[in-house]
$ cat start31.pdb   # PDB, C-alpha atoms
ATOM      1  CA  MET A   1    -120.139  -9.920  -7.677
ATOM      2  CA  ASP A   2    -116.461 -10.670  -7.038
ATOM      3  CA  GLU A   3    -114.466  -7.473  -6.409
ATOM      4  CA  ARG A   4    -111.096  -9.152  -5.863
ATOM      5  CA  PRO A   5    -108.443  -8.149  -8.365
ATOM      6  CA  GLN A   6    -107.666 -10.630 -11.090
ATOM      7  CA  MET A   7    -104.295 -12.228 -10.346
ATOM      8  CA  SER A   8    -103.202 -11.972 -13.976
ATOM      9  CA  ALA A   9    -103.845  -8.218 -13.919
ATOM     10  CA  VAL A  10    -101.908  -7.851 -10.666
ATOM     11  CA  ARG A  11     -99.013  -9.866 -12.086
ATOM     12  CA  ALA A  12     -98.986  -7.746 -15.243
ATOM     13  CA  MET A  13     -98.871  -4.551 -13.160
ATOM     14  CA  LEU A  14     -96.021  -5.923 -11.039
ATOM     15  CA  ASP A  15     -94.091  -6.942 -14.159
ATOM     16  CA  GLU A  16     -94.550  -3.433 -15.581
ATOM     17  CA  LEU A  17     -93.324  -1.901 -12.332
ATOM     18  CA  LYS A  18     -90.304  -4.238 -12.205
ATOM     19  CA  GLY A  19     -89.405  -3.291 -15.779
ATOM     20  CA  ALA A  20     -89.690   0.408 -14.992
ATOM     21  CA  MET A  21     -87.507   0.030 -11.896
ATOM     22  CA  ALA A  22     -84.890  -1.977 -13.805
ATOM     23  CA  ASN A  23     -84.619   0.825 -16.362
ATOM     24  CA  MET A  24     -84.676   3.677 -13.825
ATOM     25  CA  GLY A  25     -81.007   4.621 -14.326
ATOM     26  CA  GLU A  26     -81.442   4.864 -18.090
ATOM     27  CA  THR A  27     -84.686   6.804 -17.662
ATOM     28  CA  GLN A  28     -82.994   9.279 -15.309
ATOM     29  CA  ARG A  29     -80.108   9.726 -17.752
ATOM     30  CA  LYS A  30     -82.525  10.437 -20.600
ATOM     31  CA  MET A  31     -84.484  12.902 -18.495
ATOM     32  CA  LEU A  32     -81.319  14.763 -17.464
ATOM     33  CA  GLU A  33     -80.354  15.135 -21.133
ATOM     34  CA  VAL A  34     -83.652  16.733 -22.146
ATOM     35  CA  THR A  35     -83.554  20.208 -23.610
ATOM     36  CA  GLY A  36     -86.408  22.298 -24.904
ATOM     37  CA  THR A  37     -86.266  24.943 -27.607
ATOM     38  CA  GLY A  38     -88.604  27.845 -28.208
ATOM     39  CA  TRP A  39     -88.711  30.536 -30.875
ATOM     40  CA  SER A  40     -90.456  33.883 -30.802
ATOM     41  CA  PRO A  41     -93.176  34.289 -33.434
ATOM     42  CA  ASP A  42     -90.922  36.601 -35.469
ATOM     43  CA  ARG A  43     -88.005  34.102 -35.131
ATOM     44  CA  MET A  44     -85.793  36.858 -33.688
ATOM     45  CA  ILE A  45     -85.383  35.139 -30.304
ATOM     46  CA  LYS A  46     -84.423  31.555 -29.566
ATOM     47  CA  ALA A  47     -84.368  30.079 -26.061
ATOM     48  CA  VAL A  48     -83.039  26.698 -24.988
ATOM     49  CA  VAL A  49     -83.763  25.306 -21.531
ATOM     50  CA  GLY A  50     -82.458  22.304 -19.640
ATOM     51  CA  PRO A  51     -84.441  19.475 -18.080
ATOM     52  CA  ARG A  52     -85.648  21.540 -15.112
ATOM     53  CA  GLY A  53     -86.557  24.540 -17.252
ATOM     54  CA  GLN A  54     -83.361  26.462 -16.507
ATOM     55  CA  LEU A  55     -82.265  28.774 -19.306
ATOM     56  CA  VAL A  56     -79.083  27.411 -20.909
ATOM     57  CA  GLU A  57     -78.999  29.397 -24.147
ATOM     58  CA  LEU A  58     -80.541  32.634 -25.385
ATOM     59  CA  GLU A  59     -80.051  34.025 -28.878
ATOM     60  CA  ILE A  60     -81.317  37.465 -29.818
ATOM     61  CA  ASP A  61     -81.117  38.578 -33.421
ATOM     62  CA  PRO A  62     -79.452  42.022 -33.545
ATOM     63  CA  ARG A  63     -82.298  43.281 -35.735
ATOM     64  CA  VAL A  64     -84.505  43.567 -32.628
ATOM     65  CA  TYR A  65     -82.540  46.703 -31.716
ATOM     66  CA  ARG A  66     -83.662  48.531 -34.874
ATOM     67  CA  THR A  67     -86.886  49.431 -33.113
ATOM     68  CA  PRO A  68     -85.941  49.476 -29.426
ATOM     69  CA  ASN A  69     -88.760  48.585 -27.071
ATOM     70  CA  SER A  70     -87.507  47.034 -23.840
ATOM     71  CA  LYS A  71     -90.954  45.980 -22.598
ATOM     72  CA  ALA A  72     -91.813  44.211 -25.856
ATOM     73  CA  LEU A  73     -88.392  42.545 -25.903
ATOM     74  CA  ALA A  74     -88.789  41.354 -22.313
ATOM     75  CA  ALA A  75     -92.280  39.992 -23.034
ATOM     76  CA  SER A  76     -91.027  38.210 -26.131
ATOM     77  CA  ILE A  77     -88.115  36.669 -24.231
ATOM     78  CA  LEU A  78     -90.444  35.441 -21.469
ATOM     79  CA  SER A  79     -92.933  33.872 -23.878
ATOM     80  CA  THR A  80     -90.109  32.257 -25.853
ATOM     81  CA  VAL A  81     -88.611  30.759 -22.688
ATOM     82  CA  ARG A  82     -92.054  29.471 -21.698
ATOM     83  CA  ALA A  83     -92.359  27.806 -25.112
ATOM     84  CA  ALA A  84     -88.960  26.176 -24.569
ATOM     85  CA  VAL A  85     -90.051  24.930 -21.122
ATOM     86  CA  ASP A  86     -93.232  23.488 -22.662
ATOM     87  CA  ASP A  87     -91.081  21.705 -25.259
ATOM     88  CA  ALA A  88     -88.808  20.230 -22.559
ATOM     89  CA  THR A  89     -91.840  19.211 -20.491
ATOM     90  CA  GLU A  90     -93.389  17.403 -23.442
ATOM     91  CA  LYS A  91     -90.127  15.543 -24.140
ATOM     92  CA  THR A  92     -89.864  14.521 -20.482
ATOM     93  CA  LYS A  93     -93.483  13.360 -20.506
ATOM     94  CA  GLU A  94     -92.783  11.209 -23.569
ATOM     95  CA  ILE A  95     -89.861   9.548 -21.766
ATOM     96  CA  MET A  96     -92.010   8.914 -18.709
ATOM     97  CA  ASP A  97     -94.952   7.616 -20.744
ATOM     98  CA  ALA A  98     -92.658   5.114 -22.441
ATOM     99  CA  THR A  99     -91.132   3.978 -19.149
ATOM    100  CA  LEU A 100     -93.484   4.273 -16.189
ATOM    101  CA  PRO A 101     -96.663   2.317 -15.614
ATOM    102  CA  MET A 102     -99.579   4.703 -15.271
ATOM    103  CA  GLU A 103    -103.195   4.421 -14.326
ATOM    104  CA  GLY A 104    -105.352   5.664 -17.178
ATOM    105  CA  GLY A 105    -102.336   7.292 -18.845
ATOM    106  CA  THR A 106    -101.746   9.631 -15.911
ATOM    107  CA  ALA A 107     -98.970   9.453 -13.343
ATOM    108  CA  MET A 108     -99.827  11.004 -10.007
ATOM    109  CA  ILE A 109     -97.830  12.569  -7.188
ATOM    110  CA  GLY A 110    -100.220  12.571  -4.256
ATOM    111  CA  ASN A 111    -103.343  14.331  -5.521
ATOM    112  CA  ALA A 112    -101.526  16.109  -8.353
ATOM    113  CA  ASN A 113    -101.214  14.995 -11.960
ATOM    114  CA  LEU A 114     -97.494  14.603 -12.724
ATOM    115  CA  VAL A 115     -97.811  16.518 -16.003
ATOM    116  CA  ASP A 116     -99.366  19.461 -14.135
ATOM    117  CA  VAL A 117     -96.479  19.361 -11.656
ATOM    118  CA  MET A 118     -93.938  19.380 -14.503
ATOM    119  CA  ARG A 119     -95.633  22.292 -16.259
ATOM    120  CA  SER A 120     -95.970  24.420 -13.143
ATOM    121  CA  HIS A 121     -93.655  27.266 -12.374
ATOM    122  CA  ASP A 122     -91.614  26.854  -9.206
ATOM    123  CA  ALA A 123     -93.572  29.575  -7.408
ATOM    124  CA  ASP A 124     -96.848  27.686  -8.020
ATOM    125  CA  LEU A 125     -95.626  24.195  -7.203
ATOM    126  CA  GLY A 126     -97.013  24.189  -3.660
ATOM    127  CA  LYS A 127    -100.503  25.010  -4.918
ATOM    128  CA  VAL A 128    -100.343  22.273  -7.556
ATOM    129  CA  LEU A 129     -99.188  19.636  -5.075
ATOM    130  CA  GLU A 130    -102.004  20.620  -2.721
ATOM    131  CA  GLY A 131    -104.467  19.937  -5.530
ATOM    132  CA  GLY A 132    -105.142  23.527  -6.582
ATOM    133  CA  ASP A 133    -106.360  24.482 -10.056
ATOM    134  CA  SER A 134    -103.079  23.741 -11.821
ATOM    135  CA  GLY A 135    -104.398  24.465 -15.295
ATOM    136  CA  LYS A 136    -104.417  28.174 -14.472
ATOM    137  CA  LEU A 137    -100.975  28.305 -12.894
ATOM    138  CA  HIS A 138     -98.782  28.498 -16.002
TER     139      HIS A 138
END

$ encode --input "start31.pdb" --output "structure tokens"
Amino acid sequence: MDERPQMSAVRAMLDELKGAMANMGETQRKMLEVTGTGWSPDRMIKAVVGPRGQLVELEIDPRVYRTPNSKALAASILSTVRAAVDDATEKTKEIMDATLPMEGGTAMIGNANLVDVMRSHDADLGKVLEGGDSGKLH
């Protein structure tokens, strides 16, 4: 059984990689323009985040103050921001999927799945990159 790679497959992979590298500037520009939007279930809170998940806009409907509950408001804000980060992550993943060659549909950084890295909170990034259980780190 011949285990050498087929030259046509190797050439195709190299062509894909060359195309991705040629478009790297455009890909970076698109990724830096990504924003994600999240809404609270009651539509009283809207959060918009930038490409790295940083909060760039927060709208709170004044009606939330009719029944003041600071803990509930804080929890709603956090979950809305997380939804916005998930939205931005998905948009970034779509850009990467359209641009970068991937093995089996998954880009890897070391032992870590790139999507898991993107979805991880900064505090958990070290664990994800070390190959920890990233699915439970959100």

$ residues_around --input "start31.pdb" --residues "Leu32 (chain A)" --least-positions-apart "2" --cutoff "9 Å" --atoms "all atoms listed in the file" --output "PDB file with C-alpha atoms, in the coordinates of the input"
ATOM      1  CA  THR A  27     -84.686   6.804 -17.662  1.00  0.00           C
ATOM      2  CA  GLN A  28     -82.994   9.279 -15.309  1.00  0.00           C
ATOM      3  CA  ARG A  29     -80.108   9.726 -17.752  1.00  0.00           C
ATOM      4  CA  LYS A  30     -82.525  10.437 -20.600  1.00  0.00           C
ATOM      5  CA  VAL A  34     -83.652  16.733 -22.146  1.00  0.00           C
ATOM      6  CA  THR A  35     -83.554  20.208 -23.610  1.00  0.00           C
ATOM      7  CA  GLY A  50     -82.458  22.304 -19.640  1.00  0.00           C
ATOM      8  CA  PRO A  51     -84.441  19.475 -18.080  1.00  0.00           C
ATOM      9  CA  ARG A  52     -85.648  21.540 -15.112  1.00  0.00           C
TER      10      ARG A  52
END

$ residues_around --input "start31.pdb" --residues "Pro41 (chain A)" --least-positions-apart "3" --cutoff "10 Å" --atoms "only C-alpha atoms" --output "PyMOL selection string"
chain A and resi 38+44-46+76+79-80

$ closest_residue --input "start31.pdb" --among "A:Lys91, A:Arg82, A:Ser70, A:Pro62" --to "Glu33 (chain A)" --atoms "only C-alpha atoms"
A:Lys91

$ atom_distance --input "start31.pdb" --atom1 "CA of Val49 (chain A)" --atom2 "CA of Tyr65 (chain A)"
23.7 Å

$ residues_near_point --input "start31.pdb" --point "(-88.4, 25.4, -29.3)" --cutoff "8 Å" --atoms "only C-alpha atoms" --output "ChimeraX atom specification"
/A:36-39,46-48,80,83-84,87
